[in-house]
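The structure under discussion appears below in the form of structure tokens.
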There are 2 protein chains.
Amino acid sequence: MMSEMPGGFRPPAAAIFITGFMGTGKSVVGRALAGRLGLQWVDTDEIVQARAALPITEIFARHGEEHFRELETAALREALAGPARVISTGGGVLLREENRALMGQAGPVVCLTASADEILRRVGADDTRPLLRRPDPKAAIERLLAERASCYAAADCQVETTGLSVDEVAERVQEVLAGDPRAVYFAGRPLVVPVSVPGAEYQVSIGLGLLGMLGELVPPRQRGVRAALVSSEPIAALYADTVLEALSAAGWDVTQVTVPDGEAAKSLEVYGSVCEQMAAAGLDRGGCVFALGGGVVGDLAGFAAATYMRGVELVHLPTSLLAQVDSSIGGKTAVDLGAGKNLVGAFHQPRAVVADVSTLQTLPPPELRSGLGEVIKHACCFDAQMFGFLGTDRDRVLGIDVSATAYLVARNCQIKAGVVEQDPTEQGLRAVLNYGHTVGHALERAAGEWELRHGEVVGIGMVAESRVAAWLGRSDEETSRRQEELIAAYGLPTRAQGVDPDRARQALRRDKKIVAGRLRMPLVSEIGSFEIVEDVPLEMVERGLDSVLA
Amino acid sequence: MMSEMPGGFRPPAAAIFITGFMGTGKSVVGRALAGRLGLQWVDTDEIVQARAALPITEIFARHGEEHFRELETAALREALAGPARVISTGGGVLLREENRALMGQAGPVVCLTASADEILRRVGADDTRPLLRRPDPKAAIERLLAERASCYAAADCQVETTGLSVDEVAERVQEVLAGDPRAVYFAGRPLVVPVSVPGAEYQVSIGLGLLGMLGELVPPRQRGVRAALVSSEPIAALYADTVLEALSAAGWDVTQVTVPDGEAAKSLEVYGSVCEQMAAAGLDRGGCVFALGGGVVGDLAGFAAATYMRGVELVHLPTSLLAQVDSSIGGKTAVDLGAGKNLVGAFHQPRAVVADVSTLQTLPPPELRSGLGEVIKHACCFDAQMFGFLGTDRDRVLGIDVSATAYLVARNCQIKAGVVEQDPTEQGLRAVLNYGHTVGHALERAAGEWELRHGEVVGIGMVAESRVAAWLGRSDEETSRRQEELIAAYGLPTRAQGVDPDRARQALRRDKKIVAGRLRMPLVSEIGSFEIVEDVPLEMVERGLDSVLA
């Protein structure tokens, strides 16, 4: 069932390689490109020289080319061990089969080219290069270019540099990369996920530094310029200035509304105060609410936008992973009552969602993990490739590597949007997003509302429910074990420490989905696929719950 | 523009006449029918006997038939002077041209028939009847029946009574009347106005005693039986028991939520309290809110229904004229902020509206007049026939005559529904309902919020704006004068006594619709038709305002 969503983003490359003949600008262009993309940059020649503690000419002179090539391959491995980056390599790196395999697996290889005259002009003054000390350097260059032509042709793309400045070349490389599906965010442009639900079409833009580009990303105003920027105190301190500046530059007249941090902001009192401040600022029916923050601010400001003057426009600027991959998409807004969370709210689709992944770099680790719980859930239900990426690229993910993060946010938005498009007001299908939630909710209620984070109980719930699937013969133990391992690999608990077993079992038995001792719930059949099982016996779910109670 | 809405109800008859030969049951059936319809009943023979202080046989004997017929016509006029009623007449009433004209104008004439044998059987024991003292009474009956056949054929319908009980005949008369457009509510069944907006179809049921029949009128529950009955203290005291009993009998599990009387109930605090009480009662997403009261309760309970668990079902039980003809239709819900009225709210269409016109009988006269302001506005813009009825039948309207009231509520619901269907979320067309509101709002703001009722300022606003239409050549002075006369006839002010002229002019000049000194506003071109005029000069509206400032 829906194992693949349409137009899926592919996992990003770990690196962009810039190679080419001497004098084509491998190093300077690589560095400029890294600057443009907000990535680190390394040069394998520099690693080689540092490790050997000798200039390259000396390595060639004393130990021969073969030894240099060994050092170069080691440098390539070292460069690839870190976060995603731009890697400039020596001009001969593609000569070796081993290097070509390493590079091809890691990411796109860009080969810079230039005419022999241009090369000679650029490097003519460099008397450390042995080639240039020959009697006819141009002929020597031409001969070597011809020898290496087939090897350079193995690169993913060629970029001609003759007559261009470094910056012009870097821009051209960026353009070429935009077409490579592995490059994901490397191209430096926002990734875009379109969302289409009845009565609303909008885009989620995902990328680095997008808050500073809001003027371009938010669709033109149709009716007004008055806006309210709603955010919590800590988030406002970090990003409000950037947002206010970008919106002012685009002609908006913005009132800043700051609410308390945390779930306490989702009260009717704070909601009323937000609306009163919007009224005091003169927002009319043509106004717009910008919700800058995590799920709490999105829910609160979204409900204000849904109801102020019976509905004004809303733009979500999610700053937490959970908000970027989940809560900012789908139009759900709510505040809490004394009697429970999210008891009043509305469906209100935003006019745009702008997810600036740089905001995730300031996210407290527990919040990051909580968001990753949802990401893992989406991977289990919908996308085996993303599941694999989460396993192989854990360090990049936890390190908030731009490209890995942009990929995950974009892909999860796409999955969430796909579900929402098929069930905009939560009549049925959206129930699939409740994988892990039957056991998870029981744990949440038994633990008391604030002891375990939502992402944590859902992780534990998935472990329990994956076992239920295996016991029912809907899946197998290996599939269950792989889910548990991935959840653990991200530092999420797989057992409910300290939760009272009797209270958890009681909470489970009060689940409203139980009809005649059976439950309708989504189960993962194999990684990346789920099915809605209509008649899961309650005792089987209780056994699953017992298995995760410490 | 939209001078006629589809399927318009016609103004109701003033009476139902029951006539027929002796022994067909004119009196007993008339009385039974009146009981079924909640109407008064009179018998012209009884009036004649009372006025003459003689039995009918004596009148015939002493003064002759011609004198009796004079008395009978006078009795007919006397019977028609009161509120709508069922009128039983003597068997010869249709012989006179004058009587036929009076009756044909006032309402449907039902002629009861029976076989000669049946008539003889029914009246055989009555020796006061001269006819039966003849040698062959059956032959005499048959001769007289034949003589009168053409006269009885002039009735609107015949109902054969042979072999039927009084109650069976009354029921058959009721069925026959249901097909007569003048009968309106006389048929004793709810009038039904269907409403169809995107995503919602529902019915407005209008009639007498409907609160006691809720079980039949509210569509079957799809998902739950939990409900909340929200009403204000005085309304709950009058009607809550009836509603609770009817809903319990239909299987609903109802929690009663009582809110303070008046606009003060439309606060976020009261809204929160209503939602908390719904949560405490265990209402889930399959729950239903019944809003019993006027516009305030409808707005408040409607907003609670729109937002509780992101939306539960709503049934409006409007008890004021304004709510029955206007606010319960269209899906607008709201509460007030400190900064102004109706500043937060939602569009939420009800699942059903049940307007029990008997609740209007307890309505304070100022509230009745306020509702009539909207009715007059609808008549001016959409329905010349209703405008005429309001003029000719003022006493029945102000007397809350069942049939007149049911007609007005049904017809106004139909008009409001027609506008709402074309503009469910108030994007444009619904602006036509703002006739009288440009000047009206300026007066409202200048007067302070509670000094003038909304219906009152709208009445004054219509007087002013009707003059603007005439000055602009969009209408004429006669059309303006007729509107002013009708407004005055219903005890609504036509001048803004005690409003500070400068404040009113300032308030008008702050109208948000003003663009470059001109306004887009609806104007009545002739009674029953309006046009949206795009460029009304502000100074013309100011002149209209000045003309109603005392």
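Chain labels A, B, ... are given in the sequence in which chains occur in the structure tokens; within each chain residues are numbered consecutively from 1, and ligands are likewise numbered from 1 in the order shown.
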message: Could you work out which residues of chain A fall inside 9 Å of chain B? Count only C-alpha atoms, and format the result as JSON, numbers by chain.
response: {"A": [268, 269, 272, 275, 276, 277, 279, 280, 304, 306, 307, 308, 309, 310, 311, 332, 333, 334, 337, 338, 339, 340, 342, 343, 344, 345, 346, 347]}
Would you write out those residues with C-alpha atoms, as a PDB file, in the first residue's frame?
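Output contents, as saved in part.pdb:
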ATOM      1  CA  LEU A 268      -7.261  29.794  25.054  1.00  0.00           C
ATOM      2  CA  GLU A 269      -5.842  32.718  27.061  1.00  0.00           C
ATOM      3  CA  GLY A 272      -7.140  35.319  22.845  1.00  0.00           C
ATOM      4  CA  CYS A 275      -6.017  37.688  18.399  1.00  0.00           C
ATOM      5  CA  GLU A 276      -6.367  40.871  20.473  1.00  0.00           C
ATOM      6  CA  GLN A 277      -2.864  41.930  19.410  1.00  0.00           C
ATOM      7  CA  ALA A 279      -6.871  43.395  16.155  1.00  0.00           C
ATOM      8  CA  ALA A 280      -4.921  46.168  17.886  1.00  0.00           C
ATOM      9  CA  ALA A 304      -5.573  32.225  15.322  1.00  0.00           C
ATOM     10  CA  ALA A 306      -8.093  30.029  11.024  1.00  0.00           C
ATOM     11  CA  THR A 307     -10.508  31.985  13.201  1.00  0.00           C
ATOM     12  CA  TYR A 308      -9.448  35.646  13.232  1.00  0.00           C
ATOM     13  CA  MET A 309     -12.182  37.400  11.221  1.00  0.00           C
ATOM     14  CA  ARG A 310     -13.296  33.851  10.283  1.00  0.00           C
ATOM     15  CA  GLY A 311      -9.967  33.134   8.638  1.00  0.00           C
ATOM     16  CA  LYS A 332      -4.332  20.938  11.437  1.00  0.00           C
ATOM     17  CA  THR A 333      -4.394  23.706  14.038  1.00  0.00           C
ATOM     18  CA  ALA A 334      -5.409  23.524  17.692  1.00  0.00           C
ATOM     19  CA  LEU A 337      -8.316  22.800  26.990  1.00  0.00           C
ATOM     20  CA  GLY A 338      -7.991  21.960  30.663  1.00  0.00           C
ATOM     21  CA  ALA A 339      -9.617  18.652  29.753  1.00  0.00           C
ATOM     22  CA  GLY A 340      -6.941  17.658  27.247  1.00  0.00           C
ATOM     23  CA  ASN A 342      -5.733  19.810  21.021  1.00  0.00           C
ATOM     24  CA  LEU A 343      -9.400  19.747  22.045  1.00  0.00           C
ATOM     25  CA  VAL A 344     -10.327  22.849  20.075  1.00  0.00           C
ATOM     26  CA  GLY A 345      -8.957  23.683  16.662  1.00  0.00           C
ATOM     27  CA  ALA A 346      -9.635  23.934  12.975  1.00  0.00           C
ATOM     28  CA  PHE A 347      -8.450  22.703   9.614  1.00  0.00           C
TER      29      PHE A 347
END
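Superposing chain B on chain A by least squares over all C-alpha atoms, matched in sequence order, gives an RMSD of 0.3 Å.
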query: If you run DSSP on the backbone, which residues of region 241-366 of chain A are strand (DSSP E or B), as a ChimeraX atom specification?
result: /A:253-259,288-293,308,313-318,332-337,340-347,352-356
Could the residues in this selection be saved with C-alpha atoms as a PDB file, in the first residue's frame?
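Ended up saving to result.pdb:
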ATOM      1  CA  ASP A 253       3.759  45.803   7.530  1.00  0.00           C
ATOM      2  CA  VAL A 254       4.465  43.303  10.295  1.00  0.00           C
ATOM      3  CA  THR A 255       3.418  43.287  13.953  1.00  0.00           C
ATOM      4  CA  GLN A 256       5.477  41.024  16.166  1.00  0.00           C
ATOM      5  CA  VAL A 257       3.515  38.852  18.609  1.00  0.00           C
ATOM      6  CA  THR A 258       5.596  36.871  21.082  1.00  0.00           C
ATOM      7  CA  VAL A 259       4.114  34.028  23.102  1.00  0.00           C
ATOM      8  CA  CYS A 288      -1.590  37.265   7.043  1.00  0.00           C
ATOM      9  CA  VAL A 289      -0.195  35.345   9.993  1.00  0.00           C
ATOM     10  CA  PHE A 290       3.424  34.110   9.864  1.00  0.00           C
ATOM     11  CA  ALA A 291       3.921  31.264  12.349  1.00  0.00           C
ATOM     12  CA  LEU A 292       7.631  31.099  13.222  1.00  0.00           C
ATOM     13  CA  GLY A 293       8.508  28.184  15.496  1.00  0.00           C
ATOM     14  CA  TYR A 308      -9.448  35.646  13.232  1.00  0.00           C
ATOM     15  CA  GLU A 313      -3.930  33.788   5.416  1.00  0.00           C
ATOM     16  CA  LEU A 314      -1.283  31.714   7.143  1.00  0.00           C
ATOM     17  CA  VAL A 315       2.372  31.068   6.318  1.00  0.00           C
ATOM     18  CA  HIS A 316       4.199  28.429   8.330  1.00  0.00           C
ATOM     19  CA  LEU A 317       7.892  29.007   9.074  1.00  0.00           C
ATOM     20  CA  PRO A 318       8.652  25.784  10.963  1.00  0.00           C
ATOM     21  CA  LYS A 332      -4.332  20.938  11.437  1.00  0.00           C
ATOM     22  CA  THR A 333      -4.394  23.706  14.038  1.00  0.00           C
ATOM     23  CA  ALA A 334      -5.409  23.524  17.692  1.00  0.00           C
ATOM     24  CA  VAL A 335      -5.090  24.731  21.242  1.00  0.00           C
ATOM     25  CA  ASP A 336      -5.500  22.806  24.475  1.00  0.00           C
ATOM     26  CA  LEU A 337      -8.316  22.800  26.990  1.00  0.00           C
ATOM     27  CA  GLY A 340      -6.941  17.658  27.247  1.00  0.00           C
ATOM     28  CA  LYS A 341      -4.578  18.543  24.439  1.00  0.00           C
ATOM     29  CA  ASN A 342      -5.733  19.810  21.021  1.00  0.00           C
ATOM     30  CA  LEU A 343      -9.400  19.747  22.045  1.00  0.00           C
ATOM     31  CA  VAL A 344     -10.327  22.849  20.075  1.00  0.00           C
ATOM     32  CA  GLY A 345      -8.957  23.683  16.662  1.00  0.00           C
ATOM     33  CA  ALA A 346      -9.635  23.934  12.975  1.00  0.00           C
ATOM     34  CA  PHE A 347      -8.450  22.703   9.614  1.00  0.00           C
ATOM     35  CA  ALA A 352       2.948  28.658   1.942  1.00  0.00           C
ATOM     36  CA  VAL A 353       5.359  26.718   4.123  1.00  0.00           C
ATOM     37  CA  VAL A 354       9.010  27.787   4.262  1.00  0.00           C
ATOM     38  CA  ALA A 355      11.268  25.283   6.039  1.00  0.00           C
ATOM     39  CA  ASP A 356      14.710  26.780   6.615  1.00  0.00           C
TER      40      ASP A 356
END
query: Do you know which residues are at most 12 Å from Leu398 (chain B) counting only C-alpha atoms, after dropping those on the same chain fewer than 5 positions away, and could you put them as a PyMOL selection string?
result: chain B and resi 83+321+360-361+363-369+371-372+390-393+404-405+408+489-491
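Atom pair CA of Asp383 (chain A) / CA of Ser529 (chain A) has a distance of 7.3 Å (rounded to one decimal).
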